[in-house]
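Student: Sharing data_6.txt here; it has compact mmCIF, C-alpha atoms.
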```txt
# COMPACT_ATOMS: atom_id res chain seq x y z
CA MET H 608 -26.76 -5.54 1.27
CA LYS H 609 -26.92 -8.56 -1.06
CA ASN H 610 -25.77 -6.42 -3.97
CA GLU H 611 -22.71 -5.17 -2.12
CA HIS H 612 -19.39 -6.52 -3.32
CA ILE H 613 -17.79 -8.92 -0.91
CA THR H 614 -14.09 -8.07 -1.22
CA HIS H 615 -14.10 -6.28 2.15
CA ILE H 616 -15.17 -9.55 3.82
CA LEU H 617 -12.36 -11.40 2.04
CA ASP H 618 -9.79 -8.90 3.30
CA GLU H 619 -11.04 -8.51 6.84
CA PHE H 620 -10.38 -12.01 8.21
CA PRO H 621 -8.51 -15.13 7.13
CA LEU H 622 -10.86 -17.16 4.95
CA ASP H 623 -10.82 -20.21 7.19
CA ILE H 624 -12.23 -18.34 10.17
CA LEU H 625 -15.15 -16.70 8.36
CA ASN H 626 -18.51 -17.52 9.94
CA GLU H 627 -21.43 -19.22 8.21
CA SER H 628 -23.27 -15.95 7.65
CA ASP H 629 -20.26 -14.38 5.86
CA LEU H 630 -19.74 -17.50 3.76
CA THR H 631 -23.40 -17.51 2.73
CA THR H 632 -23.19 -13.82 1.79
CA ILE H 633 -20.08 -14.53 -0.30
CA LYS H 634 -21.54 -17.60 -2.03
CA THR H 635 -24.81 -15.84 -2.83
CA HIS H 636 -23.04 -12.80 -4.20
CA ILE H 637 -20.47 -14.57 -6.39
CA THR H 638 -23.13 -16.44 -8.32
CA ASN H 639 -24.01 -13.16 -10.01
CA CYS H 640 -20.80 -11.12 -9.75
CA GLU H 641 -17.93 -12.18 -12.00
CA ASN H 642 -15.38 -9.80 -10.42
CA CYS H 643 -16.08 -10.97 -6.90
CA ARG H 644 -15.97 -14.60 -8.05
CA GLU H 645 -12.44 -14.00 -9.35
CA SER H 646 -11.51 -12.21 -6.12
CA PHE H 647 -12.83 -15.09 -4.03
CA LYS H 648 -10.87 -17.58 -6.11
CA ALA H 649 -7.70 -15.52 -5.62
CA ALA H 650 -8.32 -15.18 -1.88
CA ASN H 651 -8.77 -18.92 -1.64
CA VAL H 652 -5.52 -19.62 -3.52
CA SER H 653 -3.66 -17.05 -1.36
CA SER H 654 -4.95 -18.65 1.81
CA VAL H 655 -3.84 -22.16 0.78
CA LEU H 656 -0.47 -20.89 -0.42
CA LEU H 657 0.20 -19.20 2.92
CA LYS H 658 -0.74 -22.35 4.81
CA ILE H 659 1.61 -24.44 2.69
CA ARG H 660 4.43 -21.95 3.25
CA ALA H 661 3.77 -21.86 7.01
CA ARG H 662 4.34 -25.60 7.20
CA GLU H 663 7.91 -25.22 6.01
CA THR H 664 10.27 -24.94 8.93
CA PHE H 665 13.93 -25.46 9.70
CA GLU H 666 15.33 -27.22 12.73
CA PRO H 667 18.54 -25.98 14.36
CA PRO H 668 21.51 -27.80 12.83
CA PRO H 669 23.63 -30.08 15.02
CA PHE H 670 26.18 -28.15 17.09
CA PHE H 671 24.39 -24.82 16.48
CA GLU H 672 24.79 -24.01 20.16
CA THR H 673 28.54 -24.83 20.10
CA ARG H 674 29.07 -22.75 16.99
CA LEU H 675 27.09 -19.86 18.44
CA MET H 676 29.12 -19.86 21.64
CA ALA H 677 32.32 -19.92 19.59
CA ALA H 678 31.05 -16.98 17.51
CA TRP H 679 30.23 -15.08 20.68
CA ARG H 680 33.67 -15.73 22.23
CA ASP H 681 35.27 -14.80 18.93
CA GLY H 682 33.28 -11.55 18.92
CA GLN H 683 34.37 -10.78 22.49
CA VAL H 684 38.03 -11.45 21.68
CA LYS H 685 37.79 -9.43 18.48
CA SER H 686 36.25 -6.45 20.24
CA VAL H 687 38.96 -6.46 22.95
CA ALA H 688 41.67 -6.87 20.29
CA ALA H 689 40.15 -4.10 18.17
CA PHE H 690 40.12 -1.74 21.17
CA TRP H 691 43.78 -2.61 21.96
CA ARG H 692 44.84 -2.00 18.35
CA TRP H 693 42.98 1.32 18.31
CA TRP H 694 44.61 2.35 21.60
CA GLN H 695 48.09 1.48 20.36
CA ALA H 696 47.56 3.52 17.21
CA SER H 697 45.99 6.57 18.77
CA SER H 698 47.14 6.73 22.40
CA ALA H 699 49.59 9.61 21.69
CA VAL H 700 46.97 11.76 19.94
CA VAL H 701 44.33 11.02 22.58
CA SER H 702 46.79 11.88 25.40
CA VAL H 703 47.69 15.23 23.80
CA MET H 704 43.97 16.05 23.33
CA VAL H 705 43.17 15.22 26.96
CA ILE H 706 46.11 17.33 28.26
CA THR H 707 45.04 20.29 26.06
CA VAL H 708 41.47 20.12 27.32
CA VAL H 709 42.65 19.99 30.94
CA LEU H 710 44.98 22.97 30.40
CA LEU H 711 42.20 25.01 28.77
CA LEU H 712 39.88 24.22 31.66
CA LEU H 713 42.49 25.26 34.18
CA ALA H 714 43.16 28.49 32.27
CA THR H 715 39.43 29.28 32.22
CA ILE H 716 39.07 28.71 35.95
CA LEU H 717 42.26 30.38 37.11
CA ALA H 718 42.43 33.42 34.74
CA PRO H 719 41.27 36.83 36.27
CA THR H 720 37.77 37.82 35.18
CA MET H 721 37.67 40.53 32.48
CA PRO H 722 35.05 43.35 32.38
CA ASN H 723 32.54 42.88 29.57
CA LYS H 724 33.14 46.27 27.97
CA MET H 725 35.02 49.55 28.46
CA PRO H 726 32.97 52.44 30.02
CA GLU H 727 33.44 54.92 27.09
CA GLN H 728 32.59 52.18 24.57
CA ALA H 729 29.45 51.48 26.49
CA SER H 730 28.14 55.06 26.30
CA VAL H 731 28.65 55.25 22.50
CA LEU H 732 27.01 51.88 22.03
CA ASP H 733 24.08 52.89 24.26
CA ASP H 734 23.20 55.80 21.90
CA TYR H 735 22.62 53.33 19.13
CA SER H 736 20.92 50.71 21.19
CA THR H 737 17.85 49.02 19.68
CA ASP H 738 15.61 50.59 22.29
CA ASN H 739 16.76 54.10 21.46
CA VAL H 740 16.38 53.68 17.74
CA ILE H 741 12.85 52.32 18.15
CA LEU H 742 11.86 55.07 20.57
CA ASP H 743 13.21 57.77 18.22
CA GLU H 744 11.23 56.36 15.31
CA SER H 745 8.07 56.15 17.34
CA ASN H 746 8.55 59.79 18.39
CA LEU H 747 8.94 60.80 14.75
CA HIS H 748 5.60 59.22 13.82
CA ALA H 749 3.95 60.52 16.97
CA GLU H 750 4.73 64.11 15.90
CA LEU H 751 2.43 63.86 12.86
CA THR H 752 -1.22 64.47 13.55
CA THR H 753 -3.90 62.80 11.42
CA ASN H 754 -4.54 66.05 9.54
CA GLN H 755 -0.86 66.47 8.74
CA ALA H 756 -0.62 62.96 7.45
CA LEU H 757 -3.69 63.44 5.23
CA GLN H 758 -2.21 66.70 3.97
CA ILE H 759 1.01 64.93 2.96
CA ILE H 760 -0.91 62.20 1.14
CA TYR H 761 -3.07 64.78 -0.66
CA GLU H 762 0.00 66.69 -1.83
CA GLN H 763 1.65 63.54 -3.04
CA GLN H 764 -1.47 62.65 -5.07
CA LYS H 765 -1.58 66.13 -6.53
CA LEU H 766 2.04 65.87 -7.63
CA LYS H 767 1.24 62.65 -9.48
CA MET M 1072 27.62 -31.90 30.38
CA LEU M 1073 25.31 -29.00 31.23
CA ASP M 1074 25.98 -29.52 34.93
CA GLY M 1075 22.32 -29.56 36.06
CA HIS M 1076 21.48 -26.36 34.17
CA GLU M 1077 18.68 -28.13 32.29
CA GLN M 1078 16.74 -28.27 35.58
CA LEU M 1079 16.89 -24.50 36.13
CA SER M 1080 13.91 -22.22 35.59
CA GLU M 1081 13.98 -19.56 32.88
CA ILE M 1082 14.59 -16.73 35.33
CA GLU M 1083 17.41 -18.60 37.10
CA LEU M 1084 19.04 -19.31 33.75
CA ALA M 1085 18.72 -15.66 32.76
CA ASN M 1086 20.24 -14.48 36.06
CA ARG M 1087 23.17 -16.85 35.73
CA ALA M 1088 23.75 -15.93 32.10
CA VAL M 1089 23.80 -12.22 33.01
CA LYS M 1090 26.52 -12.99 35.57
CA GLY M 1091 28.62 -14.52 32.80
CA ASP M 1092 27.72 -18.19 33.23
CA GLU M 1093 28.35 -19.50 29.73
CA ILE M 1094 26.76 -22.87 30.43
CA ALA M 1095 23.54 -21.11 31.41
CA PHE M 1096 23.57 -19.21 28.15
CA ALA M 1097 24.26 -22.39 26.21
CA GLU M 1098 21.24 -23.93 27.92
CA ILE M 1099 19.09 -20.95 26.87
CA VAL M 1100 20.26 -21.48 23.29
CA ARG M 1101 19.59 -25.24 23.48
CA ARG M 1102 16.14 -24.73 24.98
CA PHE M 1103 14.90 -21.97 22.71
CA SER M 1104 16.72 -22.44 19.40
CA PRO M 1105 13.98 -24.69 17.90
CA ARG M 1106 11.46 -21.92 18.49
CA VAL M 1107 13.75 -19.22 17.10
CA PHE M 1108 14.45 -21.35 14.01
CA HIS M 1109 10.76 -22.07 13.58
CA PHE M 1110 9.97 -18.38 13.80
CA ALA M 1111 12.79 -17.25 11.50
CA SER M 1112 11.62 -19.86 8.94
CA ARG M 1113 8.46 -17.79 8.55
CA PHE M 1114 10.56 -14.93 7.17
CA PHE M 1115 13.37 -16.65 5.29
CA ARG M 1116 13.35 -19.64 3.01
CA GLU M 1117 17.07 -20.38 2.73
CA ARG M 1118 18.60 -22.34 5.58
CA ALA M 1119 21.68 -20.08 5.62
CA LEU M 1120 19.50 -16.98 6.14
CA VAL M 1121 17.49 -18.66 8.89
CA GLU M 1122 20.70 -19.63 10.67
CA GLU M 1123 22.10 -16.13 10.27
CA ALA M 1124 18.92 -14.65 11.75
CA ALA M 1125 18.95 -17.13 14.67
CA GLN M 1126 22.59 -16.36 15.41
CA GLU M 1127 21.88 -12.63 15.35
CA VAL M 1128 18.93 -13.17 17.72
CA PHE M 1129 20.99 -15.05 20.31
CA LEU M 1130 23.92 -12.62 20.14
CA ARG M 1131 21.42 -9.83 20.75
CA VAL M 1132 19.88 -11.81 23.61
CA PHE M 1133 23.36 -12.15 25.08
CA THR M 1134 23.86 -8.38 25.17
CA GLN M 1135 20.30 -7.51 26.23
CA LEU M 1136 19.71 -10.22 28.81
CA LYS M 1137 20.44 -7.77 31.62
CA ASN M 1138 17.29 -5.87 30.53
CA PHE M 1139 15.10 -8.95 31.00
CA GLU M 1140 13.14 -8.21 34.14
CA GLY M 1141 11.34 -11.54 34.42
CA ARG M 1142 7.87 -9.98 34.33
CA GLY M 1143 6.84 -12.02 31.29
CA SER M 1144 8.23 -15.35 30.12
CA LEU M 1145 11.72 -15.61 28.67
CA GLU M 1146 10.12 -17.29 25.66
CA GLY M 1147 7.87 -14.29 25.02
CA TRP M 1148 10.79 -11.89 25.42
CA LEU M 1149 12.87 -13.98 23.02
CA THR M 1150 10.02 -14.07 20.50
CA ARG M 1151 9.85 -10.27 20.55
CA ILE M 1152 13.60 -10.04 19.92
CA THR M 1153 13.30 -12.63 17.13
CA THR M 1154 10.43 -10.70 15.52
CA ASN M 1155 12.30 -7.42 15.57
CA THR M 1156 15.57 -8.95 14.39
CA CYS M 1157 13.87 -10.74 11.48
CA LEU M 1158 11.92 -7.60 10.53
CA ASN M 1159 15.15 -5.56 10.56
CA LEU M 1160 16.98 -8.13 8.45
CA LEU M 1161 14.09 -8.17 5.97
CA ARG M 1162 14.01 -4.36 5.88
CA SER M 1163 17.69 -4.25 4.96
CA ALA M 1164 17.13 -6.70 2.10
CA ARG M 1165 16.03 -5.39 -1.28
CA ARG M 1166 12.33 -5.71 -2.02
CA GLN M 1167 11.36 -7.40 -5.26
CA PRO M 1168 9.41 -5.37 -7.84
CA GLU M 1169 5.85 -6.31 -8.78
CA LEU M 1170 5.45 -9.91 -9.85
CA THR M 1171 4.04 -10.85 -13.25
CA ILE M 1172 3.33 -14.22 -14.81
CA SER M 1173 6.58 -13.98 -16.81
CA ASN M 1174 8.52 -14.11 -13.50
CA LEU M 1175 7.03 -17.49 -12.69
CA SER M 1176 8.45 -20.83 -13.76
CA GLU M 1177 6.44 -23.17 -15.99
CA ASP M 1178 5.70 -25.36 -12.97
CA GLU M 1179 4.40 -22.42 -10.96
CA SER M 1180 2.05 -21.10 -13.65
CA GLN M 1181 0.90 -24.66 -14.30
CA TRP M 1182 0.22 -25.09 -10.58
CA LEU M 1183 -1.86 -21.91 -10.54
CA GLU M 1184 -3.88 -22.97 -13.55
CA THR M 1185 -4.48 -26.46 -12.17
CA HIS M 1186 -5.46 -25.43 -8.67
CA ALA M 1187 -7.31 -22.20 -9.32
CA ALA M 1188 -10.70 -23.82 -9.81
CA SER M 1189 -10.88 -25.87 -6.63
CA ILE M 1190 -8.06 -25.61 -4.19
CA SER M 1191 -7.73 -26.87 -0.66
CA ILE M 1192 -4.85 -27.52 1.69
CA GLU M 1193 -5.86 -31.19 1.94
CA ARG M 1194 -5.40 -31.66 -1.79
CA GLN M 1195 -1.70 -30.80 -1.60
CA HIS M 1196 -0.48 -34.35 -1.16
CA LEU M 1197 2.65 -34.42 -3.23
CA ASP M 1198 5.80 -32.98 -1.74
CA GLU M 1199 6.83 -31.72 -5.14
CA GLU M 1200 3.59 -29.74 -5.46
CA LYS M 1201 4.08 -28.26 -2.02
CA VAL M 1202 7.56 -27.07 -2.96
CA ILE M 1203 6.21 -25.44 -6.12
CA ALA M 1204 3.46 -23.75 -4.12
CA ALA M 1205 5.92 -22.60 -1.45
CA ASP M 1206 8.26 -21.21 -4.14
CA LEU M 1207 5.33 -19.36 -5.63
CA VAL M 1208 4.11 -17.80 -2.39
CA HIS M 1209 7.69 -16.89 -1.49
CA LYS M 1210 7.92 -14.90 -4.73
CA VAL M 1211 4.62 -13.14 -4.03
CA LEU M 1212 5.62 -12.31 -0.45
CA ALA M 1213 9.00 -10.96 -1.57
CA THR M 1214 7.19 -8.10 -3.32
CA MET M 1215 5.52 -7.05 -0.07
CA SER M 1216 6.76 -5.08 2.93
CA PRO M 1217 8.27 -6.97 5.91
CA ASP M 1218 5.29 -5.95 8.07
CA ASP M 1219 2.85 -7.34 5.51
CA GLN M 1220 4.83 -10.56 5.27
CA LEU M 1221 4.82 -10.92 9.04
CA VAL M 1222 1.07 -10.56 9.48
CA LEU M 1223 0.19 -12.75 6.51
CA MET M 1224 2.48 -15.59 7.56
CA ARG M 1225 1.59 -15.46 11.22
CA ILE M 1226 -2.15 -14.76 11.07
CA ASP M 1227 -3.28 -16.35 7.80
CA GLY M 1228 -0.55 -18.98 7.54
CA GLU M 1229 -0.22 -20.12 11.13
CA GLY M 1230 -3.50 -18.96 12.63
CA ILE M 1231 -1.93 -16.79 15.36
CA SER M 1232 -4.30 -14.26 16.93
CA ILE M 1233 -4.13 -10.50 16.45
CA LYS M 1234 -3.52 -10.09 20.19
CA GLU M 1235 -0.45 -12.37 20.10
CA ILE M 1236 1.00 -10.53 17.11
CA ALA M 1237 0.48 -7.24 18.96
CA GLU M 1238 2.40 -8.63 21.94
CA GLN M 1239 5.22 -9.97 19.78
CA THR M 1240 5.69 -6.81 17.76
CA GLY M 1241 4.79 -4.13 20.29
CA TRP M 1242 2.19 -2.76 17.83
CA SER M 1243 -1.34 -1.87 18.86
CA GLU M 1244 -4.06 -4.40 18.02
CA SER M 1245 -5.67 -1.92 15.64
CA LYS M 1246 -2.37 -1.50 13.79
CA VAL M 1247 -2.12 -5.29 13.40
CA LYS M 1248 -5.72 -5.41 12.12
CA VAL M 1249 -5.21 -2.62 9.59
CA THR M 1250 -1.87 -4.05 8.41
CA ALA M 1251 -3.45 -7.50 8.00
CA PHE M 1252 -6.43 -6.07 6.08
CA ARG M 1253 -4.18 -4.20 3.65
CA ALA M 1254 -1.71 -7.06 3.30
CA ARG M 1255 -4.52 -9.53 2.55
CA ARG M 1256 -5.88 -7.21 -0.13
CA LYS M 1257 -2.42 -6.80 -1.71
CA MET M 1258 -1.85 -10.56 -1.66
CA ARG M 1259 -5.30 -11.26 -3.14
CA GLU M 1260 -4.81 -8.71 -5.92
CA ALA M 1261 -1.34 -10.04 -6.74
CA THR M 1262 -2.66 -13.61 -6.86
CA GLU M 1263 -5.62 -12.56 -8.99
CA LYS M 1264 -3.25 -10.96 -11.51
CA LEU M 1265 -1.13 -14.11 -11.62
CA LEU M 1266 -4.22 -16.32 -12.03
CA ASN M 1267 -5.42 -14.19 -14.95
CA GLY M 1268 -1.93 -14.25 -16.44
CA ALA M 1269 -1.69 -18.01 -16.09
CA ALA M 1270 -5.11 -18.50 -17.68
CA LYS M 1271 -4.18 -16.28 -20.64
CA LYS M 1272 -0.81 -17.96 -21.03
CA ASN M 1273 -2.29 -21.42 -21.07
CA ALA M 1274 -5.08 -20.37 -23.44
CA GLY M 1275 -2.44 -18.97 -25.78
CA ALA M 1276 -0.42 -22.18 -25.57
CA ALA M 1277 -3.53 -24.25 -26.33
CA LYS M 1278 -4.26 -22.12 -29.43
CA VAL M 1279 -0.71 -22.64 -30.71
CA ASN M 1280 -1.00 -26.42 -30.22
CA ARG M 1281 -4.22 -26.50 -32.24
```
Could I get this file's structure written as structure tokens?
Tutor:
Amino acid sequence: MKNEHITHILDEFPLDILNESDLTTIKTHITNCENCRESFKAANVSSVLLKIRARETFEPPPFFETRLMAAWRDGQVKSVAAFWRWWQASSAVVSVMVITVVLLLLATILAPTMPNKMPEQASVLDDYSTDNVILDESNLHAELTTNQALQIIYEQQKLK
Amino acid sequence: MLDGHEQLSEIELANRAVKGDEIAFAEIVRRFSPRVFHFASRFFRERALVEEAAQEVFLRVFTQLKNFEGRGSLEGWLTRITTNTCLNLLRSARRQPELTISNLSEDESQWLETHAASISIERQHLDEEKVIAADLVHKVLATMSPDDQLVLMRIDGEGISIKEIAEQTGWSESKVKVTAFRARRKMREATEKLLNGAAKKNAGAAKVNR
């Protein structure tokens, strides 16, 4: 355990919350391990740097709240104005599209229902239906007995 | 001026703001803006960016306030929105490539060389030194992902617990732990490289002077 490198301890918790046992392990190990000594030094510098950075903070500027409320109102006005401008520019096109959709819906609902296919067409199509084709093929293979199939293979080999 | 709104509880303020009471919303901004600024300062170093983030947070709060159910505190809810807004803003910014000693100023590499041997937070007395150190860590953090920056600043910098970070981000505690472990390793390796670079640079400079 004493010979194990200590970088995993350095990465597991912030340095300032390491317990005595971990610190002793680190200190014992780095006396003999150059790489881990460098890693410990770097971890220490990182930790201090982060603490220094965390102390930097900004306060809200004066009138932030007033400016924010103005920005919000401005945003509201802009969005209403933008909608109005869009409506003025495209109201004609939108109206035509809505009327077309309504007319198409009405036509779909009110038009008499059409049969799906003509009777004579149906009989021709039925002859070539997927089911029939598959059944025909299976019948074709079913006609061959095992002996006949072996015979065909034998003859084919002989021809080669 | 605020017409007694400063006496209202968080939930009352939220209810009034949802109903369009602008003064209630202004009171929310007044009450919580220091916290939002403090939090956004962890992510951004320029005042303009911090202000932009805070403004974005409150405008988002304005539109999402109707979703606040009052189960937790308004402060906690606001912190979650601030976290997500800041993370999104950071994600949209370009990440800096790997940092080498040549990217550091003379002051920064000098600082590293001087403080590498024995460093402690108590020894950073001079404001000027603190600014150099903060510039330096800002450069290192800019090479890392927004998630890494968040956990490093909040856990290692401020001492916030893993549980709190999980609540603020909506991540699981194990995700926070793993992210922190990896981020710490990246930060340590980056610092180690810079320390070696600074040592070599200064050794080279000393040779030239001789």
Student: Could you check how far atom CA of Thr1185 of chain M sits from atom CA of Glu1260 of chain M, in Å to one decimal?
Tutor: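 For atom CA of Thr1185 of chain M relative to atom CA of Glu1260 of chain M, the distance reads 18.8 Å.
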Student: How would you write as a count of residues only the residues that get within 10 Å of (-0.1, -21.5, -0.6) in the file's frame, counting all atoms listed in the file?
Tutor: 26
Student: Could you jot down the atom CA of Arg1102 of chain M to atom CA of Gly1141 of chain M separation for me, Å, one decimal place?
Tutor: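 Computed distance, atom CA of Arg1102 of chain M to atom CA of Gly1141 of chain M, equals 16.9 Å.
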Student: May I have the residues within 12 Å of Thr664 of chain H as a PyMOL selection string, using only C-alpha atoms and disregarding those fewer than 5 positions away in the same chain?
Tutor: (chain H and resi 659) or (chain M and resi 1105-1118+1121-1122+1205+1229)
Student: Keeping C-alpha atoms, export the residues of the selection given above as a PDB file, in the frame of the given file.
Tutor:
```pdb
ATOM      1  CA  ILE H 659       1.610 -24.440   2.690  1.00  0.00           C
TER       2      ILE H 659
ATOM      3  CA  PRO M1105      13.980 -24.690  17.900  1.00  0.00           C
ATOM      4  CA  ARG M1106      11.460 -21.920  18.490  1.00  0.00           C
ATOM      5  CA  VAL M1107      13.750 -19.220  17.100  1.00  0.00           C
ATOM      6  CA  PHE M1108      14.450 -21.350  14.010  1.00  0.00           C
ATOM      7  CA  HIS M1109      10.760 -22.070  13.580  1.00  0.00           C
ATOM      8  CA  PHE M1110       9.970 -18.380  13.800  1.00  0.00           C
ATOM      9  CA  ALA M1111      12.790 -17.250  11.500  1.00  0.00           C
ATOM     10  CA  SER M1112      11.620 -19.860   8.940  1.00  0.00           C
ATOM     11  CA  ARG M1113       8.460 -17.790   8.550  1.00  0.00           C
ATOM     12  CA  PHE M1114      10.560 -14.930   7.170  1.00  0.00           C
ATOM     13  CA  PHE M1115      13.370 -16.650   5.290  1.00  0.00           C
ATOM     14  CA  ARG M1116      13.350 -19.640   3.010  1.00  0.00           C
ATOM     15  CA  GLU M1117      17.070 -20.380   2.730  1.00  0.00           C
ATOM     16  CA  ARG M1118      18.600 -22.340   5.580  1.00  0.00           C
ATOM     17  CA  VAL M1121      17.490 -18.660   8.890  1.00  0.00           C
ATOM     18  CA  GLU M1122      20.700 -19.630  10.670  1.00  0.00           C
ATOM     19  CA  ALA M1205       5.920 -22.600  -1.450  1.00  0.00           C
ATOM     20  CA  GLU M1229      -0.220 -20.120  11.130  1.00  0.00           C
TER      21      GLU M1229
END
```
Student: Set the distance at 9 Å and use all atoms listed in the file: which residues neighbour segment 624-634 of chain H once local chain neighbours fewer than 6 positions away are removed? I'd like the list as a list in words.
Tutor: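 Near neighbours after the sequence-gap exclusion: Lys609, His612, Ile613, Thr614, Ile616, Leu617, Cys643, Arg644 and Phe647 of chain H.
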Student: Within 7 Å of (13.9, -13.7, 15.1), all atoms listed in the file: residues as an MDAnalysis selection string?
Tutor: chainID M and resid 1107 1110:1111 1124:1125 1128 1150 1152:1157
